[in-house]
$ cat target00.cif   # mmCIF, C-alpha atoms and all ligand atoms
data_coords
#
loop_
_atom_site.label_atom_id
_atom_site.label_comp_id
_atom_site.auth_asym_id
_atom_site.auth_seq_id
_atom_site.Cartn_x
_atom_site.Cartn_y
_atom_site.Cartn_z
CA MET A 7 252.19 116.06 -55.54
CA GLN A 8 254.96 115.18 -53.09
CA PRO A 9 256.94 112.07 -54.00
CA THR A 10 256.17 109.22 -51.64
CA PRO A 11 259.00 108.57 -49.23
CA HIS A 12 259.95 104.95 -49.67
CA ASN A 13 260.34 104.48 -45.94
CA LEU A 14 256.58 104.85 -45.52
CA VAL A 15 255.85 102.03 -47.98
CA ASP A 16 258.52 100.00 -46.17
CA GLN A 17 256.65 100.52 -42.90
CA VAL A 18 253.70 98.54 -44.21
CA ILE A 19 253.94 94.94 -43.05
CA ILE A 20 251.72 92.37 -44.71
CA GLN A 21 251.92 88.71 -43.70
CA SER A 22 249.85 85.92 -45.25
CA ASN A 23 247.70 88.58 -46.94
CA GLN A 24 246.90 90.17 -43.56
CA LEU A 25 247.83 93.74 -42.69
CA ILE A 26 250.09 93.62 -39.63
CA GLN A 27 251.34 97.18 -39.49
CA LYS A 28 251.03 100.50 -41.36
CA PRO A 29 252.18 104.06 -40.78
CA SER A 30 249.54 106.32 -39.22
CA GLN A 31 249.68 108.55 -42.32
CA TYR A 32 248.17 105.70 -44.36
CA THR A 33 244.43 105.09 -44.11
CA LEU A 34 243.27 101.72 -45.38
CA ILE A 35 240.70 102.24 -48.17
CA GLY A 36 240.49 98.85 -49.82
CA LYS A 37 241.64 95.28 -50.03
CA GLY A 38 241.47 93.02 -53.06
CA ARG A 39 242.72 89.56 -53.95
CA SER A 40 246.24 90.84 -54.58
CA ALA A 41 246.79 94.05 -52.62
CA PHE A 42 245.92 96.53 -49.89
CA VAL A 43 245.15 100.09 -50.95
CA PHE A 44 245.78 103.09 -48.70
CA LEU A 45 245.13 106.79 -48.83
CA ASP A 46 248.36 108.62 -48.04
CA GLU A 47 247.03 111.50 -45.94
CA GLY A 48 250.33 113.34 -46.57
CA ASN A 49 249.91 113.80 -50.30
CA GLY A 50 246.33 112.71 -50.98
CA CYS A 51 247.40 109.85 -53.26
CA ALA A 52 246.34 106.22 -53.21
CA ILE A 53 249.06 103.60 -52.68
CA LYS A 54 248.40 100.05 -53.82
CA ILE A 55 250.76 97.64 -52.07
CA PHE A 56 250.73 94.10 -53.42
CA PHE A 57 250.90 90.93 -51.34
CA GLU A 58 254.26 89.18 -51.56
CA GLU A 59 253.22 86.58 -54.15
CA PHE A 60 251.74 89.30 -56.38
CA GLU A 61 254.57 91.84 -56.17
CA HIS A 62 255.45 91.33 -59.84
CA LEU A 63 252.02 92.77 -60.73
CA ALA A 64 253.10 96.26 -59.64
CA LYS A 65 255.24 96.76 -62.74
CA GLN A 66 252.71 94.98 -64.96
CA GLU A 67 249.83 97.19 -63.79
CA GLY A 68 252.04 100.32 -63.91
CA ASP A 69 252.90 99.58 -67.56
CA ILE A 70 249.22 99.17 -68.44
CA TYR A 71 248.30 102.46 -66.76
CA LYS A 72 251.03 104.12 -68.87
CA ARG A 73 249.20 102.93 -71.99
CA LEU A 74 245.94 104.39 -70.62
CA LYS A 75 247.49 107.75 -69.78
CA GLY A 76 245.40 110.73 -70.85
CA CYS A 77 242.04 109.01 -70.58
CA PRO A 78 239.97 110.67 -67.84
CA TYR A 79 238.32 107.38 -66.90
CA PHE A 80 241.51 105.92 -65.40
CA PRO A 81 243.59 107.22 -62.47
CA ASN A 82 246.99 108.76 -63.18
CA VAL A 83 249.91 106.76 -61.86
CA TYR A 84 252.78 108.75 -60.39
CA GLU A 85 255.21 106.11 -59.23
CA VAL A 86 255.76 102.42 -59.75
CA GLY A 87 257.81 100.66 -57.08
CA PRO A 88 258.93 97.04 -56.78
CA ASN A 89 255.71 96.11 -54.96
CA TYR A 90 253.54 99.22 -55.10
CA LEU A 91 251.85 101.88 -57.24
CA VAL A 92 251.17 105.49 -56.32
CA MET A 93 248.11 106.86 -58.12
CA ASP A 94 245.22 109.30 -57.92
CA TYR A 95 242.98 108.70 -54.96
CA ILE A 96 239.44 108.49 -56.30
CA GLU A 97 236.98 109.99 -53.90
CA GLY A 98 233.65 108.29 -54.26
CA MET A 99 232.32 104.78 -54.03
CA THR A 100 232.52 101.54 -55.92
CA PHE A 101 229.50 100.34 -57.92
CA TYR A 102 229.31 97.58 -55.30
CA GLN A 103 228.87 100.22 -52.57
CA CYS A 104 226.33 102.05 -54.76
CA LEU A 105 224.19 98.90 -54.84
CA GLN A 106 224.48 98.53 -51.07
CA LYS A 107 223.61 102.16 -50.36
CA GLY A 108 220.87 102.43 -52.96
CA ILE A 109 222.73 105.01 -55.09
CA PRO A 110 221.30 104.43 -58.59
CA ILE A 111 223.65 103.02 -61.20
CA THR A 112 222.43 104.96 -64.21
CA ASP A 113 222.63 104.34 -67.95
CA GLU A 114 225.06 107.30 -68.13
CA MET A 115 227.41 105.58 -65.67
CA VAL A 116 227.27 102.40 -67.76
CA GLU A 117 227.94 104.42 -70.91
CA LYS A 118 231.02 106.01 -69.30
CA VAL A 119 232.39 102.56 -68.45
CA GLU A 120 231.82 101.61 -72.11
CA GLU A 121 233.81 104.67 -73.22
CA ALA A 122 236.65 103.78 -70.84
CA LEU A 123 236.81 100.21 -72.10
CA SER A 124 236.66 101.21 -75.74
CA PHE A 125 239.56 103.62 -75.14
CA ALA A 126 241.50 100.71 -73.62
CA ARG A 127 240.70 98.55 -76.66
CA GLN A 128 241.95 101.31 -78.95
CA GLN A 129 245.28 101.08 -77.10
CA GLY A 130 245.45 97.38 -77.99
CA LEU A 131 244.35 96.20 -74.56
CA ASN A 132 241.80 93.54 -73.65
CA PRO A 133 239.72 94.94 -70.74
CA SER A 134 239.21 92.10 -68.27
CA ASP A 135 238.11 91.55 -64.68
CA ILE A 136 235.61 94.40 -64.82
CA HIS A 137 233.57 93.79 -61.69
CA LEU A 138 231.59 96.02 -59.33
CA GLN A 139 234.53 96.72 -57.01
CA ASN A 140 236.74 97.85 -59.88
CA LEU A 141 234.31 100.55 -61.02
CA LEU A 142 234.09 103.78 -59.07
CA TYR A 143 231.43 106.46 -59.10
CA THR A 144 233.23 109.65 -58.12
CA LYS A 145 231.99 112.47 -55.98
CA ASP A 146 232.03 114.69 -59.13
CA GLY A 147 229.53 112.35 -60.75
CA THR A 148 231.87 110.66 -63.19
CA VAL A 149 233.19 107.13 -63.41
CA LYS A 150 236.69 105.65 -63.04
CA VAL A 151 237.90 102.19 -63.87
CA ILE A 152 240.68 100.78 -61.65
CA ASP A 153 242.63 97.53 -61.27
CA VAL A 154 243.67 97.17 -64.90
CA VAL A 155 246.29 94.50 -64.32
CA ARG A 156 244.46 91.84 -66.34
CA PHE A 157 243.99 94.10 -69.40
CA THR A 158 246.87 92.34 -71.20
CA GLN A 159 245.51 88.82 -70.81
CA ASP A 160 244.56 86.95 -74.00
CA LYS A 161 241.53 85.20 -72.55
CA VAL A 162 238.19 86.82 -73.42
CA CYS A 163 236.46 88.11 -70.28
CA HIS A 164 232.66 88.42 -70.44
CA GLN A 165 232.15 89.93 -66.99
CA TRP A 166 231.42 93.47 -68.15
CA ASP A 167 229.10 92.37 -70.99
CA ASP A 168 227.18 90.23 -68.49
CA LEU A 169 227.00 93.02 -65.91
CA ARG A 170 225.80 95.51 -68.52
CA GLU A 171 223.14 93.08 -69.66
CA ALA A 172 221.97 92.40 -66.11
CA HIS A 173 221.85 96.17 -65.56
CA GLN A 174 219.66 96.73 -68.60
CA ARG A 175 217.49 93.63 -68.43
CA ILE A 176 217.00 93.33 -64.64
CA TYR A 177 218.24 96.30 -62.58
CA GLN A 178 216.69 99.02 -64.77
CA ARG A 179 213.30 97.32 -65.04
CA LYS A 180 210.37 98.90 -63.19
CA TYR A 181 209.64 95.66 -61.38
CA PHE A 182 213.14 95.63 -59.89
CA ILE A 183 212.41 97.33 -56.60
CA PHE A 184 215.56 96.32 -54.71
CA LYS A 185 217.55 99.47 -55.40
CA ARG A 186 219.36 98.99 -52.08
CA ILE A 187 220.76 95.49 -52.00
CA PRO A 188 222.21 93.96 -48.81
CA LYS A 189 225.84 92.85 -49.02
CA PRO A 190 225.11 89.13 -48.40
CA LEU A 191 222.68 89.16 -51.32
CA ILE A 192 225.16 90.86 -53.71
CA ASP A 193 227.88 88.41 -52.61
CA THR A 194 225.56 85.43 -53.12
CA VAL A 195 224.56 86.57 -56.61
CA ALA A 196 228.25 87.18 -57.49
CA PHE A 197 229.17 83.72 -56.16
CA LEU A 198 226.39 82.00 -58.10
CA TYR A 199 227.35 83.94 -61.25
CA LYS A 200 230.98 82.79 -60.93
CA LYS A 201 229.80 79.20 -60.52
CA ILE A 202 227.67 79.72 -63.67
CA ILE A 203 224.54 78.93 -61.65
CA ILE A 204 223.08 82.36 -62.45
CA PRO A 205 223.52 82.58 -66.23
CA PHE A 206 223.54 86.36 -66.84
CA ARG A 207 225.29 85.48 -70.09
CA SER A 208 222.16 83.78 -71.39
CA LEU A 209 220.33 87.13 -71.08
CA ARG A 210 222.87 88.55 -73.48
CA LEU A 211 222.83 85.62 -75.86
CA SER A 212 219.05 85.37 -75.92
CA LYS A 213 218.62 88.78 -77.57
N1 LIG A 301 242.88 104.75 -56.69
C1 LIG A 301 241.95 104.38 -55.83
N2 LIG A 301 241.15 105.30 -55.23
C2 LIG A 301 240.20 104.91 -54.34
N3 LIG A 301 239.96 103.63 -53.97
C3 LIG A 301 240.74 102.68 -54.54
C4 LIG A 301 241.75 102.99 -55.51
N4 LIG A 301 242.34 101.84 -55.90
C5 LIG A 301 241.73 100.86 -55.23
N5 LIG A 301 240.77 101.34 -54.41
C6 LIG A 301 239.91 100.54 -53.51
O1 LIG A 301 240.62 99.37 -53.11
C7 LIG A 301 239.96 98.18 -53.56
C8 LIG A 301 241.00 97.14 -53.97
O2 LIG A 301 241.82 97.67 -55.00
P1 LIG A 301 242.17 96.83 -56.32
O3 LIG A 301 240.93 96.45 -57.01
O4 LIG A 301 243.15 97.63 -57.12
O5 LIG A 301 242.87 95.55 -55.68
P2 LIG A 301 243.06 94.10 -56.29
O6 LIG A 301 243.72 93.25 -55.25
O7 LIG A 301 243.79 94.21 -57.60
O8 LIG A 301 241.55 93.67 -56.53
P3 LIG A 301 240.86 92.35 -57.19
O9 LIG A 301 240.37 91.54 -56.04
O10 LIG A 301 239.72 92.96 -57.98
O11 LIG A 301 241.89 91.69 -58.05
C9 LIG A 301 239.05 98.64 -54.70
O12 LIG A 301 237.94 97.77 -54.86
C10 LIG A 301 238.64 100.03 -54.23
O13 LIG A 301 237.60 99.95 -53.26
MG MG A 302 239.97 95.02 -57.75
#
$ encode --input "target00.cif" --output "structure tokens"
Amino acid sequence: MQPTPHNLVDQVIIQSNQLIQKPSQYTLIGKGRSAFVFLDEGNGCAIKIFFEEFEHLAKQEGDIYKRLKGCPYFPNVYEVGPNYLVMDYIEGMTFYQCLQKGIPITDEMVEKVEEALSFARQQGLNPSDIHLQNLLYTKDGTVKVIDVVRFTQDKVCHQWDDLREAHQRIYQRKYFIFKRIPKPLIDTVAFLYKKIIIPFRSLRLSK
């Protein structure tokens, strides 16, 4: 892999969490609550560039990826800058996109996420913020977990347990015919879950 020339990262201008300018070599592949992510067409790597108020997370997330090194379920990180990370570009789609496109989320995919998270726990981490956009189904048919920045938080995060339960108790049931789910519906369910109006947790606790 070629090292990323710093001047290219410097050519990315983000203002008020909006992308104002980027070099043509960077293709925008994602945006989250704290960063834009680009594919660097020059070296095939993904570059995560944090918004100004979240710049400190670059080092934090880089340090966590170091602890996860060697596990095939996490991307390798090649460089940690003051406001960016350079890592493996994962070709595939997020679990969120799988739902939208009707690509089945299988028990095997769920099991692979479990393996990734248990590896993280073995490294003394607390896997957190595991949501559909942080799980990728790769074109080789495996799974990768990204966006590990909250893995050092103390607070217990139930998101993955709730998602896994909803997968088993709703999505995998024969009566669940909506294998392709429109974006507004996924977003509404996610919103209602966050507001604790849809209690996926009670599925888990009612076992
Ligand atoms: N290494 C990668 N390879 C391919 N796509 C990626 C990669 N990293 C991130 N993405 C895409 O960019 C999106 C945003 O990245 P990421 O989740 O790291 O940002 P964030 O701001 O930390 O997100 P969140 O809103 O979950 O806190 C992801 O949902 C995914 O679609
Ligand atoms: Mg994310």
$ closest_residue --input "target00.cif" --among "A:Lys150, A:Lys37, A:Arg179, A:Lys28" --to "ligand MG 302 (chain A)" --atoms "only C-alpha atoms and all ligand atoms"
A:Lys37
$ residues_near_ligand --input "target00.cif" --ligand "ligand MG 302 (chain A)" --cutoff "8 Å" --atoms "all atoms listed in the file" --output "list in words"
Lys37, Gly38, Arg39, Asp135, His137, Gln139, Asn140, Ile152 and Asp153 of chain A
$ closest_residue --input "target00.cif" --among "A:Ala196, A:Leu105, A:Ile202, A:Leu142" --to "ligand LIG 301 (chain A)" --atoms "only C-alpha atoms and all ligand atoms"
A:Leu142
$ closest_residue --input "target00.cif" --among "A:Gly147, A:Pro133, A:Pro88, A:Pro188" --to "Lys161 (chain A)" --atoms "all atoms listed in the file"
A:Pro133
$ closest_residue --input "target00.cif" --among "A:Gln21, A:Val149, A:Val119, A:Gln31" --to "ligand LIG 301 (chain A)" --atoms "all atoms listed in the file"
A:Val149
$ residues_near_ligand --input "target00.cif" --ligand "ligand LIG 301 (chain A)" --cutoff "8 Å" --atoms "all atoms listed in the file" --output "MDAnalysis selection string"
chainID A and resid 35:45 51:54 56 81 93:100 135 137:142 152:155
$ closest_residue --input "target00.cif" --among "A:Gln66, A:Gln178, A:Asn89, A:Gln159" --to "Ile20 (chain A)" --atoms "all atoms listed in the file"
A:Asn89
$ atom_distance --input "target00.cif" --atom1 "CA of Val151 (chain A)" --atom2 "CA of Cys77 (chain A)"
10.4 Å
$ decode --input "target00.cif" --residues "region 93-125 of chain A" --atoms "N, CA, C and O atoms" --output "CSV table (one decimal), in the first residue's frame"
chain,number,residue,atom,x,y,z
A,93,MET,N,-7.5,3.0,6.5
A,93,MET,CA,-7.7,1.6,6.8
A,93,MET,C,-8.1,0.8,5.5
A,93,MET,O,-8.3,1.4,4.5
A,94,ASP,N,-8.3,-0.5,5.7
A,94,ASP,CA,-8.8,-1.3,4.6
A,94,ASP,C,-10.1,-0.8,4.1
A,94,ASP,O,-11.0,-0.5,4.9
A,95,TYR,N,-10.3,-0.7,2.8
A,95,TYR,CA,-11.6,-0.4,2.2
A,95,TYR,C,-12.3,-1.8,2.1
A,95,TYR,O,-11.8,-2.7,1.6
A,96,ILE,N,-13.5,-1.8,2.7
A,96,ILE,CA,-14.3,-3.1,2.7
A,96,ILE,C,-15.3,-3.0,1.6
A,96,ILE,O,-16.2,-2.2,1.6
A,97,GLU,N,-15.1,-3.8,0.6
A,97,GLU,CA,-16.0,-3.8,-0.6
A,97,GLU,C,-17.2,-4.7,-0.2
A,97,GLU,O,-17.0,-5.9,0.2
A,98,GLY,N,-18.3,-4.1,-0.2
A,98,GLY,CA,-19.5,-4.9,0.1
A,98,GLY,C,-20.7,-3.9,0.5
A,98,GLY,O,-20.7,-2.9,-0.1
A,99,MET,N,-21.5,-4.4,1.4
A,99,MET,CA,-22.6,-3.4,1.8
A,99,MET,C,-22.9,-3.6,3.3
A,99,MET,O,-22.6,-4.6,3.9
A,100,THR,N,-23.4,-2.5,3.8
A,100,THR,CA,-23.7,-2.6,5.3
A,100,THR,C,-25.0,-3.5,5.4
A,100,THR,O,-25.7,-3.7,4.5
A,101,PHE,N,-25.2,-3.9,6.7
A,101,PHE,CA,-26.4,-4.7,6.9
A,101,PHE,C,-27.7,-3.9,6.6
A,101,PHE,O,-28.7,-4.4,6.2
A,102,TYR,N,-27.5,-2.6,6.9
A,102,TYR,CA,-28.6,-1.7,6.6
A,102,TYR,C,-29.0,-1.7,5.1
A,102,TYR,O,-30.1,-1.9,4.7
A,103,GLN,N,-27.9,-1.7,4.2
A,103,GLN,CA,-28.2,-1.8,2.8
A,103,GLN,C,-28.7,-3.2,2.4
A,103,GLN,O,-29.5,-3.3,1.5
A,104,CYS,N,-28.2,-4.2,3.1
A,104,CYS,CA,-28.7,-5.6,2.9
A,104,CYS,C,-30.3,-5.6,3.1
A,104,CYS,O,-31.0,-6.2,2.2
A,105,LEU,N,-30.7,-5.0,4.1
A,105,LEU,CA,-32.2,-5.0,4.4
A,105,LEU,C,-32.9,-4.3,3.3
A,105,LEU,O,-33.9,-4.7,2.8
A,106,GLN,N,-32.3,-3.1,2.8
A,106,GLN,CA,-33.0,-2.3,1.8
A,106,GLN,C,-33.0,-3.1,0.5
A,106,GLN,O,-34.0,-3.0,-0.3
A,107,LYS,N,-32.0,-3.9,0.2
A,107,LYS,CA,-31.9,-4.5,-1.1
A,107,LYS,C,-32.4,-5.9,-1.1
A,107,LYS,O,-32.5,-6.6,-2.1
A,108,GLY,N,-32.8,-6.4,0.1
A,108,GLY,CA,-33.4,-7.7,0.2
A,108,GLY,C,-32.3,-8.8,0.1
A,108,GLY,O,-32.6,-10.0,-0.2
A,109,ILE,N,-31.1,-8.5,0.5
A,109,ILE,CA,-30.0,-9.5,0.6
A,109,ILE,C,-30.2,-10.1,2.0
A,109,ILE,O,-30.1,-9.4,3.0
A,110,PRO,N,-30.4,-11.4,2.1
A,110,PRO,CA,-30.7,-12.0,3.4
A,110,PRO,C,-29.6,-11.9,4.4
A,110,PRO,O,-28.4,-12.0,4.1
A,111,ILE,N,-29.9,-11.5,5.6
A,111,ILE,CA,-29.0,-11.5,6.7
A,111,ILE,C,-29.1,-12.8,7.4
A,111,ILE,O,-30.2,-13.1,8.0
A,112,THR,N,-28.1,-13.7,7.2
A,112,THR,CA,-28.3,-15.1,7.6
A,112,THR,C,-27.8,-15.3,9.1
A,112,THR,O,-27.1,-14.4,9.6
A,113,ASP,N,-28.1,-16.5,9.6
A,113,ASP,CA,-27.6,-16.8,10.9
A,113,ASP,C,-26.1,-16.9,10.9
A,113,ASP,O,-25.5,-16.5,11.9
A,114,GLU,N,-25.5,-17.3,9.8
A,114,GLU,CA,-24.0,-17.3,9.7
A,114,GLU,C,-23.4,-15.9,9.9
A,114,GLU,O,-22.4,-15.7,10.6
A,115,MET,N,-24.1,-15.0,9.2
A,115,MET,CA,-23.6,-13.6,9.3
A,115,MET,C,-23.6,-13.1,10.8
A,115,MET,O,-22.7,-12.5,11.3
A,116,VAL,N,-24.7,-13.4,11.4
A,116,VAL,CA,-24.9,-13.0,12.8
A,116,VAL,C,-23.9,-13.7,13.7
A,116,VAL,O,-23.3,-13.1,14.6
A,117,GLU,N,-23.6,-15.0,13.4
A,117,GLU,CA,-22.6,-15.7,14.2
A,117,GLU,C,-21.2,-15.1,14.0
A,117,GLU,O,-20.4,-15.0,15.0
A,118,LYS,N,-20.9,-14.6,12.8
A,118,LYS,CA,-19.6,-14.0,12.6
A,118,LYS,C,-19.5,-12.7,13.4
A,118,LYS,O,-18.4,-12.4,13.9
A,119,VAL,N,-20.6,-11.9,13.5
A,119,VAL,CA,-20.5,-10.7,14.3
A,119,VAL,C,-20.3,-11.1,15.7
A,119,VAL,O,-19.4,-10.5,16.4
A,120,GLU,N,-20.9,-12.2,16.2
A,120,GLU,CA,-20.7,-12.7,17.6
A,120,GLU,C,-19.2,-13.0,17.8
A,120,GLU,O,-18.7,-12.6,18.8
A,121,GLU,N,-18.6,-13.7,16.8
A,121,GLU,CA,-17.2,-14.0,17.0
A,121,GLU,C,-16.3,-12.8,17.0
A,121,GLU,O,-15.4,-12.7,17.8
A,122,ALA,N,-16.7,-11.8,16.2
A,122,ALA,CA,-15.9,-10.5,16.2
A,122,ALA,C,-16.0,-9.9,17.6
A,122,ALA,O,-15.0,-9.4,18.2
A,123,LEU,N,-17.2,-9.8,18.1
A,123,LEU,CA,-17.4,-9.1,19.4
A,123,LEU,C,-16.8,-9.9,20.5
A,123,LEU,O,-16.3,-9.3,21.5
A,124,SER,N,-16.8,-11.2,20.4
A,124,SER,CA,-16.2,-11.9,21.6
A,124,SER,C,-14.7,-11.8,21.5
A,124,SER,O,-14.0,-11.7,22.6
A,125,PHE,N,-14.1,-11.7,20.3
A,125,PHE,CA,-12.7,-11.4,20.2
A,125,PHE,C,-12.4,-10.0,20.9
A,125,PHE,O,-11.4,-9.9,21.6
